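run.cif follows; it contains mmCIF, C-alpha atoms, pLDDT in the B column; chains and numbers go by the auth columns.
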data_upload
#
loop_
_atom_site.group_PDB
_atom_site.id
_atom_site.type_symbol
_atom_site.label_atom_id
_atom_site.label_comp_id
_atom_site.label_asym_id
_atom_site.label_seq_id
_atom_site.Cartn_x
_atom_site.Cartn_y
_atom_site.Cartn_z
_atom_site.B_iso_or_equiv
_atom_site.auth_seq_id
_atom_site.auth_asym_id
ATOM 1 C CA MET A 1 38.862 -18.271 -7.669 59.00 1351 A
ATOM 2 C CA SER A 2 39.166 -15.543 -10.293 76.00 1352 A
ATOM 3 C CA GLN A 3 36.756 -17.326 -12.653 83.00 1353 A
ATOM 4 C CA GLU A 4 34.161 -17.511 -9.858 86.00 1354 A
ATOM 5 C CA LEU A 5 34.476 -13.758 -9.305 86.00 1355 A
ATOM 6 C CA ILE A 6 33.970 -13.105 -13.001 86.00 1356 A
ATOM 7 C CA GLU A 7 30.902 -15.381 -13.019 90.00 1357 A
ATOM 8 C CA MET A 8 29.529 -13.578 -9.958 91.00 1358 A
ATOM 9 C CA ILE A 9 29.929 -10.207 -11.667 89.00 1359 A
ATOM 10 C CA LEU A 10 28.226 -11.498 -14.832 91.00 1360 A
ATOM 11 C CA ALA A 11 25.395 -13.118 -12.833 93.00 1361 A
ATOM 12 C CA ASP A 12 24.819 -9.925 -10.835 93.00 1362 A
ATOM 13 C CA THR A 13 24.830 -7.847 -14.021 93.00 1363 A
ATOM 14 C CA SER A 14 22.406 -10.238 -15.711 93.00 1364 A
ATOM 15 C CA GLU A 15 20.049 -10.055 -12.743 94.00 1365 A
ATOM 16 C CA LYS A 16 20.106 -6.240 -12.769 94.00 1366 A
ATOM 17 C CA MET A 17 19.508 -6.188 -16.530 93.00 1367 A
ATOM 18 C CA GLY A 18 16.563 -8.542 -16.077 94.00 1368 A
ATOM 19 C CA GLY A 19 15.195 -6.104 -13.518 93.00 1369 A
ATOM 20 C CA ALA A 20 15.522 -3.253 -16.027 93.00 1370 A
ATOM 21 C CA VAL A 21 13.576 -5.273 -18.611 93.00 1371 A
ATOM 22 C CA ALA A 22 10.860 -6.089 -16.057 92.00 1372 A
ATOM 23 C CA HIS A 23 10.677 -2.393 -15.138 91.00 1373 A
ATOM 24 C CA ALA A 24 10.267 -1.500 -18.825 91.00 1374 A
ATOM 25 C CA ARG A 25 7.386 -3.966 -19.170 90.00 1375 A
ATOM 26 C CA ARG A 26 5.683 -2.502 -16.089 86.00 1376 A
ATOM 27 C CA GLU A 27 6.105 0.988 -17.548 86.00 1377 A
ATOM 28 C CA PHE A 28 4.646 -0.123 -20.881 84.00 1378 A
ATOM 29 C CA SER A 29 1.629 -1.601 -19.088 81.00 1379 A
ATOM 30 C CA THR A 30 0.729 1.844 -17.730 76.00 1380 A
ATOM 31 C CA VAL A 31 0.136 3.191 -21.238 77.00 1381 A
ATOM 32 C CA ARG A 32 -3.528 3.074 -22.183 69.00 1382 A
ATOM 33 C CA THR A 33 -4.384 1.061 -25.272 70.00 1383 A
ATOM 34 C CA GLY A 34 -8.105 1.736 -25.473 66.00 1384 A
ATOM 35 C CA ARG A 35 -8.805 -1.492 -23.597 71.00 1385 A
ATOM 36 C CA ALA A 36 -9.524 -1.566 -19.892 71.00 1386 A
ATOM 37 C CA SER A 37 -6.544 -2.451 -17.717 74.00 1387 A
ATOM 38 C CA SER A 38 -6.045 -2.015 -13.990 75.00 1388 A
ATOM 39 C CA ALA A 39 -2.305 -1.421 -14.589 76.00 1389 A
ATOM 40 C CA LEU A 40 -3.199 2.111 -15.664 77.00 1390 A
ATOM 41 C CA VAL A 41 -4.534 3.065 -12.222 80.00 1391 A
ATOM 42 C CA GLU A 42 -2.970 0.622 -9.733 80.00 1392 A
ATOM 43 C CA ARG A 43 -0.065 2.897 -8.842 80.00 1393 A
ATOM 44 C CA ILE A 44 -2.120 6.079 -8.424 83.00 1394 A
ATOM 45 C CA GLN A 45 -1.539 7.485 -4.939 86.00 1395 A
ATOM 46 C CA VAL A 46 -4.686 8.096 -2.860 86.00 1396 A
ATOM 47 C CA LYS A 47 -4.825 9.983 0.421 86.00 1397 A
ATOM 48 C CA ALA A 48 -6.729 7.650 2.735 84.00 1398 A
ATOM 49 C CA TYR A 49 -6.617 7.217 6.498 85.00 1399 A
ATOM 50 C CA GLY A 50 -4.326 10.249 6.658 84.00 1400 A
ATOM 51 C CA VAL A 51 -1.557 8.721 4.521 87.00 1401 A
ATOM 52 C CA GLN A 52 -0.748 8.266 0.833 88.00 1402 A
ATOM 53 C CA MET A 53 -1.508 4.736 -0.359 86.00 1403 A
ATOM 54 C CA SER A 54 -1.487 3.153 -3.785 86.00 1404 A
ATOM 55 C CA LEU A 55 -4.888 2.411 -5.263 83.00 1405 A
ATOM 56 C CA ARG A 56 -4.027 -1.301 -5.535 86.00 1406 A
ATOM 57 C CA ASP A 57 -3.859 -1.400 -1.701 87.00 1407 A
ATOM 58 C CA LEU A 58 -7.268 0.275 -1.312 87.00 1408 A
ATOM 59 C CA ALA A 59 -9.437 -1.367 -3.944 87.00 1409 A
ATOM 60 C CA GLY A 60 -10.194 -4.376 -6.071 88.00 1410 A
ATOM 61 C CA PHE A 61 -10.425 -4.235 -9.861 87.00 1411 A
ATOM 62 C CA SER A 62 -12.593 -6.026 -12.393 86.00 1412 A
ATOM 63 C CA ILE A 63 -13.193 -5.663 -16.114 86.00 1413 A
ATOM 64 C CA PRO A 64 -16.884 -6.295 -16.890 84.00 1414 A
ATOM 65 C CA GLU A 65 -16.446 -5.229 -20.546 82.00 1415 A
ATOM 66 C CA ALA A 66 -13.433 -4.738 -22.831 78.00 1416 A
ATOM 67 C CA ARG A 67 -13.544 -0.950 -22.466 79.00 1417 A
ATOM 68 C CA GLN A 68 -14.659 -0.671 -18.864 84.00 1418 A
ATOM 69 C CA LEU A 69 -12.819 -0.926 -15.538 84.00 1419 A
ATOM 70 C CA LEU A 70 -14.692 -1.342 -12.266 88.00 1420 A
ATOM 71 C CA ILE A 71 -12.889 -0.198 -9.116 87.00 1421 A
ATOM 72 C CA THR A 72 -14.346 -1.338 -5.808 89.00 1422 A
ATOM 73 C CA PRO A 73 -12.748 0.240 -2.721 89.00 1423 A
ATOM 74 C CA HIS A 74 -12.409 -2.216 0.174 88.00 1424 A
ATOM 75 C CA ASP A 75 -13.803 0.524 2.445 87.00 1425 A
ATOM 76 C CA PRO A 76 -16.692 2.486 0.863 86.00 1426 A
ATOM 77 C CA ALA A 77 -15.662 5.521 2.944 86.00 1427 A
ATOM 78 C CA ASN A 78 -12.672 5.932 0.586 86.00 1428 A
ATOM 79 C CA ILE A 79 -14.707 6.199 -2.617 87.00 1429 A
ATOM 80 C CA ALA A 80 -14.518 10.018 -2.786 87.00 1430 A
ATOM 81 C CA ALA A 81 -10.749 10.006 -2.195 88.00 1431 A
ATOM 82 C CA VAL A 82 -10.232 7.349 -4.873 87.00 1432 A
ATOM 83 C CA GLU A 83 -12.389 9.242 -7.368 87.00 1433 A
ATOM 84 C CA ARG A 84 -10.518 12.501 -6.633 87.00 1434 A
ATOM 85 C CA ALA A 85 -7.124 10.800 -7.092 87.00 1435 A
ATOM 86 C CA ILE A 86 -8.191 9.349 -10.460 84.00 1436 A
ATOM 87 C CA GLN A 87 -9.346 12.768 -11.639 84.00 1437 A
ATOM 88 C CA GLN A 88 -6.086 14.383 -10.493 84.00 1438 A
ATOM 89 C CA ALA A 89 -4.053 11.740 -12.336 79.00 1439 A
ATOM 90 C CA GLN A 90 -5.289 13.275 -15.622 73.00 1440 A
ATOM 91 C CA LEU A 91 -5.695 10.000 -17.459 73.00 1441 A
ATOM 92 C CA GLY A 92 -8.267 11.403 -19.845 73.00 1442 A
ATOM 93 C CA LEU A 93 -10.936 9.246 -18.195 76.00 1443 A
ATOM 94 C CA ALA A 94 -14.028 10.451 -16.372 81.00 1444 A
ATOM 95 C CA PRO A 95 -14.807 8.315 -13.326 86.00 1445 A
ATOM 96 C CA SER A 96 -18.438 7.771 -12.372 86.00 1446 A
ATOM 97 C CA ASN A 97 -19.401 6.372 -8.997 86.00 1447 A
ATOM 98 C CA ASP A 98 -22.568 4.729 -7.751 86.00 1448 A
ATOM 99 C CA GLY A 99 -21.718 4.996 -4.048 83.00 1449 A
ATOM 100 C CA ARG A 100 -19.966 1.605 -3.865 87.00 1450 A
ATOM 101 C CA THR A 101 -17.910 1.338 -7.046 88.00 1451 A
ATOM 102 C CA ILE A 102 -16.170 3.597 -9.532 87.00 1452 A
ATOM 103 C CA ARG A 103 -16.607 2.882 -13.209 88.00 1453 A
ATOM 104 C CA LEU A 104 -14.038 4.031 -15.790 84.00 1454 A
ATOM 105 C CA SER A 105 -15.045 3.861 -19.443 83.00 1455 A
ATOM 106 C CA PHE A 106 -12.199 3.807 -21.942 78.00 1456 A
ATOM 107 C CA PRO A 107 -13.120 5.686 -25.117 77.00 1457 A
ATOM 108 C CA PRO A 108 -11.655 4.464 -28.405 77.00 1458 A
ATOM 109 C CA LEU A 109 -8.331 6.151 -29.165 77.00 1459 A
ATOM 110 C CA THR A 110 -7.942 8.457 -32.138 81.00 1460 A
ATOM 111 C CA GLU A 111 -5.224 7.683 -34.690 84.00 1461 A
ATOM 112 C CA GLU A 112 -3.278 10.777 -33.596 84.00 1462 A
ATOM 113 C CA ARG A 113 -3.433 9.742 -29.925 79.00 1463 A
ATOM 114 C CA ARG A 114 -2.322 6.195 -30.816 82.00 1464 A
ATOM 115 C CA ARG A 115 0.760 7.552 -32.593 85.00 1465 A
ATOM 116 C CA GLU A 116 1.510 9.871 -29.680 83.00 1466 A
ATOM 117 C CA LEU A 117 1.283 6.961 -27.232 83.00 1467 A
ATOM 118 C CA ALA A 118 3.564 4.891 -29.483 87.00 1468 A
ATOM 119 C CA ARG A 119 6.130 7.726 -29.283 88.00 1469 A
ATOM 120 C CA ILE A 120 5.782 7.747 -25.484 86.00 1470 A
ATOM 121 C CA VAL A 121 6.410 3.985 -25.411 88.00 1471 A
ATOM 122 C CA GLY A 122 9.482 4.562 -27.595 91.00 1472 A
ATOM 123 C CA GLY A 123 10.780 7.077 -25.039 90.00 1473 A
ATOM 124 C CA MET A 124 10.167 4.610 -22.212 90.00 1474 A
ATOM 125 C CA ALA A 125 12.065 1.945 -24.156 93.00 1475 A
ATOM 126 C CA GLU A 126 14.990 4.296 -24.700 94.00 1476 A
ATOM 127 C CA ASP A 127 15.075 5.120 -20.960 93.00 1477 A
ATOM 128 C CA SER A 128 15.159 1.402 -20.203 94.00 1478 A
ATOM 129 C CA LYS A 129 17.996 0.861 -22.676 95.00 1479 A
ATOM 130 C CA ASN A 130 19.905 3.670 -20.976 94.00 1480 A
ATOM 131 C CA ARG A 131 19.380 1.840 -17.676 94.00 1481 A
ATOM 132 C CA LEU A 132 20.788 -1.316 -19.292 95.00 1482 A
ATOM 133 C CA ARG A 133 23.820 0.580 -20.543 94.00 1483 A
ATOM 134 C CA GLY A 134 24.386 1.933 -17.029 95.00 1484 A
ATOM 135 C CA VAL A 135 24.298 -1.608 -15.637 94.00 1485 A
ATOM 136 C CA ARG A 136 26.710 -2.735 -18.378 94.00 1486 A
ATOM 137 C CA ARG A 137 29.044 0.164 -17.509 95.00 1487 A
ATOM 138 C CA GLN A 138 29.030 -0.857 -13.844 95.00 1488 A
ATOM 139 C CA GLY A 139 29.712 -4.493 -14.772 93.00 1489 A
ATOM 140 C CA ARG A 140 32.623 -3.358 -16.951 93.00 1490 A
ATOM 141 C CA LYS A 141 34.011 -1.264 -14.072 94.00 1491 A
ATOM 142 C CA ASP A 142 33.792 -4.281 -11.784 91.00 1492 A
ATOM 143 C CA LEU A 143 35.664 -6.417 -14.336 89.00 1493 A
ATOM 144 C CA ASP A 144 38.335 -3.734 -14.779 89.00 1494 A
ATOM 145 C CA GLN A 145 38.715 -3.465 -11.014 89.00 1495 A
ATOM 146 C CA LEU A 146 39.161 -7.229 -10.823 86.00 1496 A
ATOM 147 C CA GLU A 147 41.901 -7.034 -13.463 85.00 1497 A
ATOM 148 C CA LYS A 148 43.650 -4.196 -11.588 88.00 1498 A
ATOM 149 C CA GLU A 149 43.674 -6.178 -8.359 85.00 1499 A
ATOM 150 C CA GLY A 150 45.484 -8.932 -10.235 78.00 1500 A
ATOM 151 C CA GLY A 151 45.047 -12.648 -10.324 74.00 1501 A
ATOM 152 C CA VAL A 152 42.917 -12.478 -13.471 82.00 1502 A
ATOM 153 C CA SER A 153 44.381 -12.549 -16.940 84.00 1503 A
ATOM 154 C CA SER A 154 43.468 -9.898 -19.478 85.00 1504 A
ATOM 155 C CA ASP A 155 42.223 -12.699 -21.773 88.00 1505 A
ATOM 156 C CA ASP A 156 39.707 -13.785 -19.111 87.00 1506 A
ATOM 157 C CA ILE A 157 38.578 -10.187 -18.686 88.00 1507 A
ATOM 158 C CA GLU A 158 38.262 -9.840 -22.469 91.00 1508 A
ATOM 159 C CA ARG A 159 36.091 -12.974 -22.684 91.00 1509 A
ATOM 160 C CA ALA A 160 33.982 -11.738 -19.776 91.00 1510 A
ATOM 161 C CA GLY A 161 33.611 -8.383 -21.561 91.00 1511 A
ATOM 162 C CA GLU A 162 32.298 -10.198 -24.634 94.00 1512 A
ATOM 163 C CA LYS A 163 29.799 -12.079 -22.447 94.00 1513 A
ATOM 164 C CA LEU A 164 28.771 -8.758 -20.930 94.00 1514 A
ATOM 165 C CA GLU A 165 28.126 -7.320 -24.390 94.00 1515 A
ATOM 166 C CA GLU A 166 26.086 -10.395 -25.367 95.00 1516 A
ATOM 167 C CA LEU A 167 24.023 -10.047 -22.176 94.00 1517 A
ATOM 168 C CA THR A 168 23.383 -6.415 -23.038 95.00 1518 A
ATOM 169 C CA ARG A 169 22.321 -7.246 -26.614 95.00 1519 A
ATOM 170 C CA LYS A 170 20.016 -10.006 -25.340 95.00 1520 A
ATOM 171 C CA HIS A 171 18.255 -7.669 -22.881 96.00 1521 A
ATOM 172 C CA VAL A 172 18.011 -4.855 -25.465 95.00 1522 A
ATOM 173 C CA ARG A 173 16.279 -7.349 -27.802 95.00 1523 A
ATOM 174 C CA GLU A 174 13.819 -8.175 -25.002 95.00 1524 A
ATOM 175 C CA ILE A 175 13.010 -4.487 -24.518 94.00 1525 A
ATOM 176 C CA ASP A 176 12.666 -4.013 -28.283 95.00 1526 A
ATOM 177 C CA GLY A 177 10.298 -7.005 -28.432 94.00 1527 A
ATOM 178 C CA ALA A 178 8.152 -5.679 -25.587 93.00 1528 A
ATOM 179 C CA GLN A 179 8.120 -2.241 -27.213 93.00 1529 A
ATOM 180 C CA ALA A 180 7.050 -3.678 -30.586 93.00 1530 A
ATOM 181 C CA GLN A 181 4.317 -5.714 -28.908 91.00 1531 A
ATOM 182 C CA LYS A 182 2.998 -2.629 -27.080 88.00 1532 A
ATOM 183 C CA GLU A 183 3.112 -0.505 -30.233 88.00 1533 A
ATOM 184 C CA ASP A 184 1.204 -3.197 -32.154 87.00 1534 A
ATOM 185 C CA GLU A 185 -1.357 -3.217 -29.355 82.00 1535 A
ATOM 186 C CA LEU A 186 -1.622 0.589 -29.524 81.00 1536 A
ATOM 187 C CA LEU A 187 -1.914 0.840 -33.286 78.00 1537 A
ATOM 188 C CA GLU A 188 -4.426 -2.025 -33.532 75.00 1538 A
ATOM 189 C CA VAL A 189 -7.854 -0.577 -34.328 60.00 1539 A
#
What would the structure in this file look like if it were written as structure tokens?
Amino acid sequence: MSQELIEMILADTSEKMGGAVAHARREFSTVRTGRASSALVERIQVKAYGVQMSLRDLAGFSIPEARQLLITPHDPANIAAVERAIQQAQLGLAPSNDGRTIRLSFPPLTEERRRELARIVGGMAEDSKNRLRGVRRQGRKDLDQLEKEGGVSSDDIERAGEKLEELTRKHVREIDGAQAQKEDELLEV
């Protein structure tokens, strides 16, 4: 029984850590690399139909060229609201609309801007690692609580603690890998 509880705690912790890694990857995808990507604008909030909605719910996206994103609102009546929301998001992009679609052209990034974006990605990675450490701390508390309640030997808790540390290291490596990949993408000219 006690071993099953330990496994449940480790499985729950692993799942939460996986979620933190997935969140980090989503965050990294919002950083502009000079190439067109809908991930940059999908989560922008647009006031349409009297409520705030994400752009991904209001429009379709296509990439006709490597440095161009085409946004087509499902309802052409929302084009002005979508354009306004993109401008207010201060992405450094100037939207142009032809009455049915909005075109975003991604200018090439300067070397200075690339380095600045790489620093931003580093900050995002550190935030994600802090999230992982918080999940590890909670897992450790759960293991300690299990030991206090009795029925579990301190050796079992020690082994579970080592597994917890290995899980943490594994997920930190995943975040580091995603960060390195994004930085390579950013610094690629």
Next item on the list: Kindly resolve the PyMOL selection byres ((chain A and resi 1425-1435) around 9) on the present coordinates and return the residues as number ranges by chain.
Entry: A: 1394-1399, 1405, 1408-1409, 1422-1424, 1436-1439, 1445-1447, 1449-1452
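Taking only C-alpha atoms, the non-local environment of stretch 1508-1518 of chain A within 10 Å (same-chain residues fewer than 3 positions away omitted) comprises Gln1353, Ile1356, Glu1357, Ile1359, Leu1360, Ala1361, Thr1363, Ser1364, Met1367, Gly1368, Lys1479, Leu1482, Arg1483, Val1485, Arg1486, Arg1487, Gly1489, Arg1490, Leu1493, Asp1494, Ser1503, Ser1504, Asp1505, His1521, Val1522, Arg1523 and Glu1524 of chain A.
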Next item on the list: For the point (1.2, -0.5, -16.4) in the file's frame, write as a list in words all residues with an atom no more than 8 Å away, counting all atoms listed in the file.
Entry: Arg1375, Arg1376, Glu1377, Phe1378, Ser1379, Thr1380, Val1381, Ser1388, Ala1389, Leu1390, Val1391 and Glu1392 of chain A
Notebook entry, point to check: What is the atom CA of A:Gln1402 to atom CA of A:Leu1420 distance in Å?
Noted result: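 These atoms are spaced 21.4 Å apart.
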Item checked: From A:Met1358, A:Leu1443, A:Lys1366, A:Arg1463, residue lying nearest A:Gly1484 [all atoms listed in the file] -> A:Lys1366
Explicit residues for the PyMOL selection byres ((chain A and resi 1454) around 6) (as a CSV table (one decimal) with C-alpha atoms, in the frame of the given file):
chain,number,residue,atom,x,y,z
A,1418,GLN,CA,-14.7,-0.7,-18.9
A,1419,LEU,CA,-12.8,-0.9,-15.5
A,1445,PRO,CA,-14.8,8.3,-13.3
A,1453,ARG,CA,-16.6,2.9,-13.2
A,1455,SER,CA,-15.0,3.9,-19.4
What lies within 7 Å of A:Gln1529 using all atoms listed in the file, ignoring chain neighbours under 4 positions off, as a PDB file with C-alpha atoms, in the frame of the given file?
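This is the output file selection.pdb:
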ATOM      1  CA  VAL A1471       6.410   3.985 -25.411  1.00 88.00           C
ATOM      2  CA  GLY A1472       9.482   4.562 -27.595  1.00 91.00           C
ATOM      3  CA  ALA A1475      12.065   1.945 -24.156  1.00 93.00           C
ATOM      4  CA  ILE A1525      13.010  -4.487 -24.518  1.00 94.00           C
ATOM      5  CA  GLU A1533       3.112  -0.505 -30.233  1.00 88.00           C
TER       6      GLU A1533
END
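Taking atom CA of A:Gly1473 and atom CA of A:Pro1457 as the two end points, the separation is 23.9 Å.
For the set A:Leu1496, A:Leu1536, A:Ala1386, A:Ala1528, the residue with the smallest atom-to-atom gap to A:Ala1372 is A:Ala1528, counting only C-alpha atoms.
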Checklist line | For atom CA of A:Asp1534 and atom CA of A:Arg1519, the interatomic separation in Å (one decimal) | finding: 22.2 Å
Quick one: what's the axis-aligned box for stretch 1521-1529 of chain A, all listed atoms, 5 Å on every side, centre and edges in Å to one decimal, as AutoDock Vina command-line options?
--center_x 13.2 --center_y -5.2 --center_z -25.7 --size_x 20.1 --size_y 15.9 --size_z 15.6
Notebook entry, point to check: With all atoms listed in the file as the basis for distance, which of A:Thr1383, A:Gln1488, A:Ile1413, A:Arg1406 is at the shortest distance from A:Leu1441?
Noted result: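 Of A:Thr1383, A:Gln1488, A:Ile1413, A:Arg1406, the one nearest A:Leu1441 is A:Thr1383, counting all atoms listed in the file.
Closest approach to A:Ser1352 among A:Ile1507, A:Phe1411, A:Gln1531, A:Glu1538 is made by A:Ile1507 (distances from only C-alpha atoms).
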Please return stretch 1440-1452 of chain A, rebuilt to N, CA and C atoms, as a compact mmCIF listing (two decimals), in the coordinates of the input.
# COMPACT_ATOMS: atom_id res chain seq x y z
N GLN A 1440 -5.15 12.79 -14.25
CA GLN A 1440 -5.29 13.28 -15.62
C GLN A 1440 -5.03 12.17 -16.65
N LEU A 1441 -5.82 11.13 -16.55
CA LEU A 1441 -5.70 10.00 -17.46
C LEU A 1441 -6.55 10.16 -18.71
N GLY A 1442 -7.36 11.23 -18.72
CA GLY A 1442 -8.27 11.40 -19.84
C GLY A 1442 -9.50 10.53 -19.70
N LEU A 1443 -9.78 10.09 -18.48
CA LEU A 1443 -10.94 9.25 -18.20
C LEU A 1443 -11.80 9.94 -17.15
N ALA A 1444 -13.11 9.84 -17.32
CA ALA A 1444 -14.03 10.45 -16.37
C ALA A 1444 -14.63 9.35 -15.49
N PRO A 1445 -14.25 9.34 -14.21
CA PRO A 1445 -14.81 8.32 -13.33
C PRO A 1445 -16.26 8.63 -12.96
N SER A 1446 -17.07 7.59 -12.87
CA SER A 1446 -18.44 7.77 -12.37
C SER A 1446 -18.62 6.78 -11.23
N ASN A 1447 -19.26 7.25 -10.16
CA ASN A 1447 -19.40 6.37 -9.00
C ASN A 1447 -20.87 6.21 -8.64
N ASP A 1448 -21.19 5.02 -8.14
CA ASP A 1448 -22.57 4.73 -7.75
C ASP A 1448 -22.70 4.59 -6.23
N GLY A 1449 -21.70 5.07 -5.51
CA GLY A 1449 -21.72 5.00 -4.05
C GLY A 1449 -20.93 3.82 -3.49
N ARG A 1450 -20.73 2.77 -4.31
CA ARG A 1450 -19.97 1.60 -3.86
C ARG A 1450 -18.80 1.31 -4.79
N THR A 1451 -18.95 1.62 -6.07
CA THR A 1451 -17.91 1.34 -7.05
C THR A 1451 -17.67 2.55 -7.93
N ILE A 1452 -16.51 2.55 -8.56
CA ILE A 1452 -16.17 3.60 -9.53
C ILE A 1452 -16.00 2.91 -10.87
